[in-house]
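Below is protein_33.cif, holding mmCIF, C-alpha atoms.
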```cif
data_protein
#
loop_
_atom_site.label_atom_id
_atom_site.label_comp_id
_atom_site.auth_asym_id
_atom_site.auth_seq_id
_atom_site.Cartn_x
_atom_site.Cartn_y
_atom_site.Cartn_z
CA MET B 765 0.00 0.00 0.00
CA ASN B 766 2.85 2.41 0.76
CA ARG B 767 4.33 1.90 -2.69
CA MET B 768 0.94 2.38 -4.32
CA THR B 769 0.27 5.68 -2.55
CA SER B 770 3.75 6.93 -3.41
CA LEU B 771 3.03 6.18 -7.08
CA LEU B 772 -0.37 7.87 -6.87
CA THR B 773 1.30 10.93 -5.34
CA LEU B 774 3.64 11.19 -8.31
CA LEU B 775 0.79 10.75 -10.80
CA ALA B 776 -1.24 13.43 -9.03
CA ALA B 777 1.73 15.82 -9.02
CA LEU B 778 2.28 15.24 -12.74
CA ALA B 779 -1.40 15.79 -13.52
CA PHE B 780 -1.36 18.98 -11.47
CA ALA B 781 1.74 20.31 -13.21
CA LEU B 782 0.46 19.43 -16.68
CA SER B 783 -2.98 20.97 -16.17
CA PRO B 784 -1.98 24.45 -17.43
CA LEU B 785 -0.58 22.87 -20.61
CA LEU B 786 -3.74 20.85 -21.22
CA SER B 787 -5.99 23.88 -20.97
CA SER B 788 -5.94 27.44 -22.25
CA GLY B 789 -4.13 28.48 -19.07
CA PHE B 790 -5.17 30.89 -16.37
CA ASN B 791 -3.99 34.47 -15.95
CA GLY B 792 -6.40 35.49 -13.25
CA PHE B 793 -10.14 36.01 -13.23
CA ALA B 794 -11.40 38.26 -16.00
CA PRO B 795 -12.92 41.50 -14.68
CA ASP B 796 -16.26 40.73 -16.32
CA GLN B 797 -16.58 37.36 -14.58
CA PHE B 798 -18.07 39.30 -11.65
CA PRO B 799 -21.28 41.33 -11.40
CA VAL B 800 -19.04 44.21 -10.23
CA PRO B 801 -16.04 44.11 -12.63
CA GLN B 802 -12.71 43.85 -10.82
CA ASP B 803 -10.17 45.95 -12.71
CA ASN B 804 -6.76 46.07 -11.00
CA PRO B 805 -8.11 44.97 -7.61
CA PRO B 806 -5.81 45.95 -4.71
CA VAL B 807 -6.03 42.48 -3.14
CA GLN B 808 -4.34 40.83 -6.12
CA PRO B 809 -0.53 40.49 -6.37
CA ALA B 810 1.39 41.79 -9.37
CA GLY B 811 1.42 39.38 -12.28
CA TYR B 812 5.05 38.32 -11.88
CA ALA B 813 4.27 36.74 -8.49
CA PHE B 814 2.37 33.91 -10.15
CA ALA B 815 5.62 32.63 -11.63
CA ILE B 816 6.10 30.81 -8.32
CA TRP B 817 3.85 28.08 -9.72
CA GLY B 818 6.73 26.87 -11.89
CA LEU B 819 8.87 26.20 -8.83
CA ILE B 820 5.94 24.63 -6.97
CA TYR B 821 5.21 22.20 -9.82
CA LEU B 822 8.84 21.15 -10.24
CA TRP B 823 9.51 20.78 -6.52
CA LEU B 824 6.37 18.71 -5.93
CA ILE B 825 7.32 16.37 -8.77
CA ALA B 826 10.91 16.10 -7.54
CA GLY B 827 9.70 15.33 -4.02
CA ALA B 828 7.29 12.68 -5.28
CA LEU B 829 10.05 11.05 -7.35
CA PHE B 830 12.34 10.97 -4.32
CA GLY B 831 9.48 9.53 -2.31
CA ILE B 832 9.15 6.59 -4.70
CA TRP B 833 12.87 6.09 -5.09
CA ASP B 834 13.97 6.16 -1.47
CA ARG B 835 10.98 6.74 0.83
CA ALA B 836 8.18 4.54 -0.48
CA THR B 837 7.71 2.80 2.86
CA ASP B 838 9.00 5.52 5.16
CA PRO B 839 6.65 6.30 8.09
CA ASP B 840 7.55 9.99 7.87
CA TRP B 841 6.07 10.13 4.37
CA GLU B 842 3.06 7.85 4.26
CA PRO B 843 0.64 9.72 6.58
CA MET B 844 0.71 12.88 4.46
CA ARG B 845 0.21 11.25 1.05
CA PRO B 846 -3.60 10.75 0.99
CA ALA B 847 -4.32 14.41 1.77
CA LEU B 848 -1.72 15.57 -0.76
CA ILE B 849 -3.23 13.36 -3.46
CA VAL B 850 -6.67 14.86 -2.82
CA SER B 851 -5.30 18.41 -2.95
CA LEU B 852 -3.39 17.83 -6.19
CA VAL B 853 -6.29 16.06 -7.89
CA ILE B 854 -8.54 19.01 -7.09
CA GLY B 855 -5.82 21.32 -8.40
CA ALA B 856 -5.53 19.37 -11.65
CA GLY B 857 -9.10 20.32 -12.50
CA TRP B 858 -9.06 23.82 -11.04
CA ILE B 859 -8.24 25.88 -14.14
CA PRO B 860 -11.28 24.82 -16.23
CA VAL B 861 -13.52 25.55 -13.26
CA ALA B 862 -11.91 28.96 -12.72
CA GLN B 863 -12.57 29.87 -16.35
CA LEU B 864 -16.26 29.19 -15.84
CA SER B 865 -17.07 30.20 -12.26
CA PRO B 866 -15.11 32.31 -9.76
CA LEU B 867 -17.46 31.10 -7.02
CA TRP B 868 -16.76 27.41 -7.55
CA ALA B 869 -13.09 28.12 -8.16
CA THR B 870 -12.91 29.87 -4.78
CA LEU B 871 -14.57 26.95 -3.03
CA LEU B 872 -12.16 24.52 -4.68
CA ILE B 873 -9.04 26.51 -3.88
CA TRP B 874 -10.05 26.59 -0.22
CA ALA B 875 -10.44 22.81 -0.39
CA MET B 876 -6.97 22.63 -1.89
CA LEU B 877 -5.65 24.80 0.92
CA GLY B 878 -7.30 22.74 3.64
CA THR B 879 -5.88 19.48 2.34
CA ALA B 880 -2.48 21.08 1.73
CA VAL B 881 -2.28 22.32 5.33
CA LEU B 882 -3.38 18.87 6.53
CA THR B 883 -0.59 17.41 4.39
CA LEU B 884 1.92 19.76 5.98
CA TRP B 885 0.65 18.87 9.45
CA ARG B 886 1.07 15.15 8.76
CA ALA B 887 4.48 15.41 7.10
CA GLY B 888 7.33 13.95 9.11
CA GLU B 889 10.21 15.96 10.52
CA ALA B 890 12.86 14.44 8.24
CA ASP B 891 13.77 15.28 4.63
CA HIS B 892 13.29 19.03 4.61
CA LEU B 893 14.39 19.36 0.99
CA TRP B 894 12.17 16.69 -0.53
CA LEU B 895 9.25 16.30 1.89
CA ARG B 896 8.53 19.39 3.95
CA GLY B 897 9.94 21.95 1.52
CA PRO B 898 7.71 21.45 -1.53
CA ILE B 899 4.59 20.89 0.56
CA ALA B 900 5.29 24.04 2.58
CA LEU B 901 5.81 26.18 -0.53
CA TYR B 902 2.61 24.81 -2.06
CA ALA B 903 0.57 25.38 1.11
CA GLY B 904 2.04 28.85 1.60
CA TRP B 905 1.12 30.05 -1.85
CA LEU B 906 -2.36 28.52 -1.54
CA THR B 907 -2.82 30.43 1.72
CA ALA B 908 -2.34 33.68 -0.13
CA ALA B 909 -4.16 32.63 -3.30
CA SER B 910 -7.26 31.43 -1.48
CA CYS B 911 -7.52 34.71 0.45
CA VAL B 912 -7.07 36.69 -2.76
CA ALA B 913 -9.83 34.65 -4.40
CA LEU B 914 -12.12 35.28 -1.44
CA GLY B 915 -11.39 38.99 -1.54
CA LEU B 916 -12.16 39.15 -5.26
CA LEU B 917 -15.39 37.26 -4.69
CA LEU B 918 -16.53 39.60 -1.90
CA ALA B 919 -15.82 42.72 -3.96
CA GLY B 920 -16.93 41.20 -7.24
CA TYR B 921 -20.37 40.40 -5.87
CA GLY B 922 -20.69 43.78 -4.20
CA TYR B 923 -20.57 42.68 -0.57
CA VAL B 924 -17.72 45.10 0.18
CA THR B 925 -15.64 47.60 -1.73
CA ALA B 926 -12.41 46.52 -3.42
CA GLN B 927 -10.44 48.39 -0.75
CA ILE B 928 -12.19 46.62 2.13
CA ALA B 929 -11.77 43.31 0.30
CA ALA B 930 -8.02 43.95 0.19
CA TYR B 931 -7.91 44.57 3.94
CA LEU B 932 -9.89 41.41 4.60
CA GLY B 933 -7.93 39.26 2.18
CA ILE B 934 -4.50 40.40 3.37
CA GLY B 935 -5.51 40.26 7.02
CA LEU B 936 -6.88 36.74 6.68
CA ALA B 937 -3.80 35.56 4.77
CA LEU B 938 -1.59 36.99 7.51
CA ALA B 939 -3.64 35.39 10.31
CA LEU B 940 -3.63 31.99 8.61
CA GLY B 941 0.02 32.35 7.70
CA LEU B 942 1.07 33.07 11.26
CA ALA B 943 -1.05 30.19 12.58
CA VAL B 944 0.38 27.62 10.17
CA GLN B 945 3.88 29.00 10.70
CA ALA B 946 3.44 28.43 14.43
CA MET B 947 2.15 24.92 13.77
CA ARG B 948 5.16 24.02 11.61
CA PRO B 949 8.07 26.32 12.47
CA ASP B 950 10.41 23.86 10.74
CA THR B 951 9.12 24.77 7.27
CA PRO B 952 10.54 28.16 6.21
CA ALA B 953 9.30 27.64 2.67
CA TYR B 954 5.76 28.18 3.95
CA PRO B 955 6.16 31.77 5.19
CA ALA B 956 8.48 32.46 2.24
CA ALA B 957 5.61 31.74 -0.16
CA VAL B 958 3.18 33.95 1.76
CA ILE B 959 5.80 36.72 1.87
CA TRP B 960 6.31 36.37 -1.89
CA ALA B 961 2.59 36.94 -2.40
CA LEU B 962 2.54 39.93 -0.04
CA VAL B 963 5.46 41.50 -1.87
CA GLY B 964 3.44 41.05 -5.05
CA VAL B 965 0.49 42.82 -3.42
CA LEU B 966 2.80 45.61 -2.29
CA ILE B 967 4.21 46.08 -5.79
CA SER B 968 0.74 46.17 -7.35
CA ASN B 969 -0.30 48.94 -4.94
CA LEU B 970 2.68 51.25 -5.39
CA ASP B 971 1.61 52.88 -8.65
CA PRO B 972 -0.71 54.57 -7.95
CA LEU B 973 0.13 54.43 -4.27
CA ASN B 974 -2.47 52.77 -2.09
CA TRP B 975 -0.76 53.53 1.18
CA SER B 976 -3.04 51.64 3.58
CA VAL B 977 -2.99 48.37 1.60
CA SER B 978 0.77 48.77 1.09
CA ALA B 979 1.28 49.32 4.81
CA LEU B 980 -0.74 46.20 5.67
CA ALA B 981 1.31 44.15 3.21
CA ILE B 982 4.55 45.50 4.72
CA LEU B 983 3.32 44.59 8.20
CA GLY B 984 2.63 41.04 7.07
CA ILE B 985 6.02 40.74 5.38
CA GLY B 986 7.73 41.97 8.52
CA LEU B 987 5.91 39.66 10.94
CA LEU B 988 6.26 36.53 8.83
CA GLY B 989 9.85 37.34 7.93
CA TRP B 990 10.89 37.97 11.53
CA ARG B 991 9.36 34.70 12.73
CA MET B 992 10.90 32.82 9.83
CA ILE B 993 14.38 34.10 10.71
CA VAL B 994 13.92 33.20 14.36
CA ASN B 995 12.75 29.69 13.47
CA MET B 996 15.57 29.15 10.97
CA ARG B 997 18.10 29.67 13.75
CA GLN B 998 16.89 26.44 15.32
CA PRO B 999 19.19 23.56 14.30
CA GLU B 1000 16.34 21.16 13.56
CA THR B 1001 14.86 23.37 10.83
CA PHE B 1002 16.82 21.83 7.98
CA VAL B 1003 16.93 18.20 9.10
#
```
Render the structure in this file as C-alpha cells.
Amino acid sequence: MNRMTSLLTLLAALAFALSPLLSSGFNGFAPDQFPVPQDNPPVQPAGYAFAIWGLIYLWLIAGALFGIWDRATDPDWEPMRPALIVSLVIGAGWIPVAQLSPLWATLLIWAMLGTAVLTLWRAGEADHLWLRGPIALYAGWLTAASCVALGLLLAGYGYVTAQIAAYLGIGLALALGLAVQAMRPDTPAYPAAVIWALVGVLISNLDPLNWSVSALAILGIGLLGWRMIVNMRQPETFV
C-alpha cells in the first residue's frame, strides 16, 4: 500500500503540473466574470508573483520522485500522502472551473488549501528538501491565493468595496500564515511563499500608491519574515 500511494502521489503531481498545458491556461479572473467588474483589484498580487507556480510544480514532482525512489515505505512520508493526493487532484481540475465560475473556483481553492495544510501537518520531521519543503511552498502560496480569491469574490459580488476586500484578504492571509507557521516552524518555505505573495500585493499597490494596503502588506512581510528568521536559527529546521 505504501508503494501504491507513493506512485499515486507522483501521478497526481504530474497531472497537477500538466494541467496548465492541457488547458488554455489561467492568468487570473477576467474582470467581467463578476457582477461588479474587478479591474486592477488591490487584493491581487502583481502578475510576476504567479511565476512561483513553476517552482511549486517542479519541486512537488521532484519530491514525489524521491518519495518513490527512497521513501516509499517511510513512516515519515506515508501519513501525508492521501491528503496531498486529494489536494493535487482538485488542483488538476481547477483551471477549467476557474474559467467558468469564480465562485466554484474559490470553493475549490479553499479545499486545496485545507488538504495542503493537513498534508503539511502530517508530514514527518525528516527530509526538509524533498518532503517538507515542496509541501510548505505549495501550502504557503495557496494560503495567499485562497484569500485573494475570497477577496475578489466579496468585492466582485458587491458585498464590500475593493479596498475593504483587500484589507480582509491580506488580514486573513496573515492570520492563517502566522497560525500555520506556528504549527510548523520547521518549514521556512511556507512563510516564504506567503511573503512572496505579499510583496506582489505591495508592488501592485505602489503605482498609484495605495498607502493603507501597502502598509498592511509590509506589516505582514515583517511579521512573517521575523518569525521565519527566528525559526531558521533552530538547528532542527533543515533536518
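Distance-wise, atom CA of B:Ala828 and atom CA of B:Thr773 end up 6.2 Å apart.
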* Asked: Expanded to explicit residues, what is the PyMOL selection byres ((chain B and resi 885) around 9) for this file, as a PyMOL selection string?
  -> chain B and resi 844+880-884+886-888+944+947-948
* Hey, what comes out of the PyMOL selection byres ((chain B and resi 956-966) around 6) on this file? Could you write it as number ranges by chain? -> B: 808-810, 813, 901, 904-905, 908, 953-955, 967-969, 978, 981, 985
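Residue membership of the PyMOL selection byres ((chain B and resi 974) around 12) in the shown file amounts to Asn804, Pro805, Pro806, Val807, Ala926, Gln927, Ala930, Tyr931, Val965, Leu966, Ile967, Ser968, Asn969, Leu970, Asp971, Pro972, Leu973, Trp975, Ser976, Val977, Ser978, Ala979, Leu980 and Ala981 of chain B.
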* Structure fact -> Restricting to only C-alpha atoms, whichever of B:Tyr923, B:Gly941, B:Pro843, B:Leu918 is closest to B:Leu877 is B:Gly941
* Asked: So what do you get for atom CA of B:Gly855 versus atom CA of B:Phe830, distance-wise?
  -> 21.3 Å
* Using only C-alpha atoms, which of the listed residues (B:Ala826, B:Leu987, B:Leu785, B:Ile849) sits closest to B:Met876? -> B:Ile849
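Taking atom CA of B:Phe780 and atom CA of B:Pro846 as endpoints, the distance between them is 15.1 Å.
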* To do: Mind listing whatever residues come within 12 Å of the point (7.5, 32.2, 13.3)? Use all atoms listed in the file, file coordinates, and give them as a VMD selection string.
  => chain B and resid 938 to 939 941 to 956 984 to 998 1001
Would you mind exporting the chosen residues as a PDB file, keeping the file's coordinate frame, restricted to C-alpha atoms?
```pdb
ATOM      1  CA  LEU B 938      -1.590  36.990   7.510  1.00  0.00           C
ATOM      2  CA  ALA B 939      -3.640  35.390  10.310  1.00  0.00           C
ATOM      3  CA  GLY B 941       0.020  32.350   7.700  1.00  0.00           C
ATOM      4  CA  LEU B 942       1.070  33.070  11.260  1.00  0.00           C
ATOM      5  CA  ALA B 943      -1.050  30.190  12.580  1.00  0.00           C
ATOM      6  CA  VAL B 944       0.380  27.620  10.170  1.00  0.00           C
ATOM      7  CA  GLN B 945       3.880  29.000  10.700  1.00  0.00           C
ATOM      8  CA  ALA B 946       3.440  28.430  14.430  1.00  0.00           C
ATOM      9  CA  MET B 947       2.150  24.920  13.770  1.00  0.00           C
ATOM     10  CA  ARG B 948       5.160  24.020  11.610  1.00  0.00           C
ATOM     11  CA  PRO B 949       8.070  26.320  12.470  1.00  0.00           C
ATOM     12  CA  ASP B 950      10.410  23.860  10.740  1.00  0.00           C
ATOM     13  CA  THR B 951       9.120  24.770   7.270  1.00  0.00           C
ATOM     14  CA  PRO B 952      10.540  28.160   6.210  1.00  0.00           C
ATOM     15  CA  ALA B 953       9.300  27.640   2.670  1.00  0.00           C
ATOM     16  CA  TYR B 954       5.760  28.180   3.950  1.00  0.00           C
ATOM     17  CA  PRO B 955       6.160  31.770   5.190  1.00  0.00           C
ATOM     18  CA  ALA B 956       8.480  32.460   2.240  1.00  0.00           C
ATOM     19  CA  GLY B 984       2.630  41.040   7.070  1.00  0.00           C
ATOM     20  CA  ILE B 985       6.020  40.740   5.380  1.00  0.00           C
ATOM     21  CA  GLY B 986       7.730  41.970   8.520  1.00  0.00           C
ATOM     22  CA  LEU B 987       5.910  39.660  10.940  1.00  0.00           C
ATOM     23  CA  LEU B 988       6.260  36.530   8.830  1.00  0.00           C
ATOM     24  CA  GLY B 989       9.850  37.340   7.930  1.00  0.00           C
ATOM     25  CA  TRP B 990      10.890  37.970  11.530  1.00  0.00           C
ATOM     26  CA  ARG B 991       9.360  34.700  12.730  1.00  0.00           C
ATOM     27  CA  MET B 992      10.900  32.820   9.830  1.00  0.00           C
ATOM     28  CA  ILE B 993      14.380  34.100  10.710  1.00  0.00           C
ATOM     29  CA  VAL B 994      13.920  33.200  14.360  1.00  0.00           C
ATOM     30  CA  ASN B 995      12.750  29.690  13.470  1.00  0.00           C
ATOM     31  CA  MET B 996      15.570  29.150  10.970  1.00  0.00           C
ATOM     32  CA  ARG B 997      18.100  29.670  13.750  1.00  0.00           C
ATOM     33  CA  GLN B 998      16.890  26.440  15.320  1.00  0.00           C
ATOM     34  CA  THR B1001      14.860  23.370  10.830  1.00  0.00           C
TER      35      THR B1001
END
```
* Asked: Which residues come within 12 Å of B:Asp838, counting all atoms listed in the file, excluding same-chain residues fewer than 6 positions away, as a PyMOL selection string?
  -> chain B and resi 765-767+769-770+830-832+844-845+887-891+895
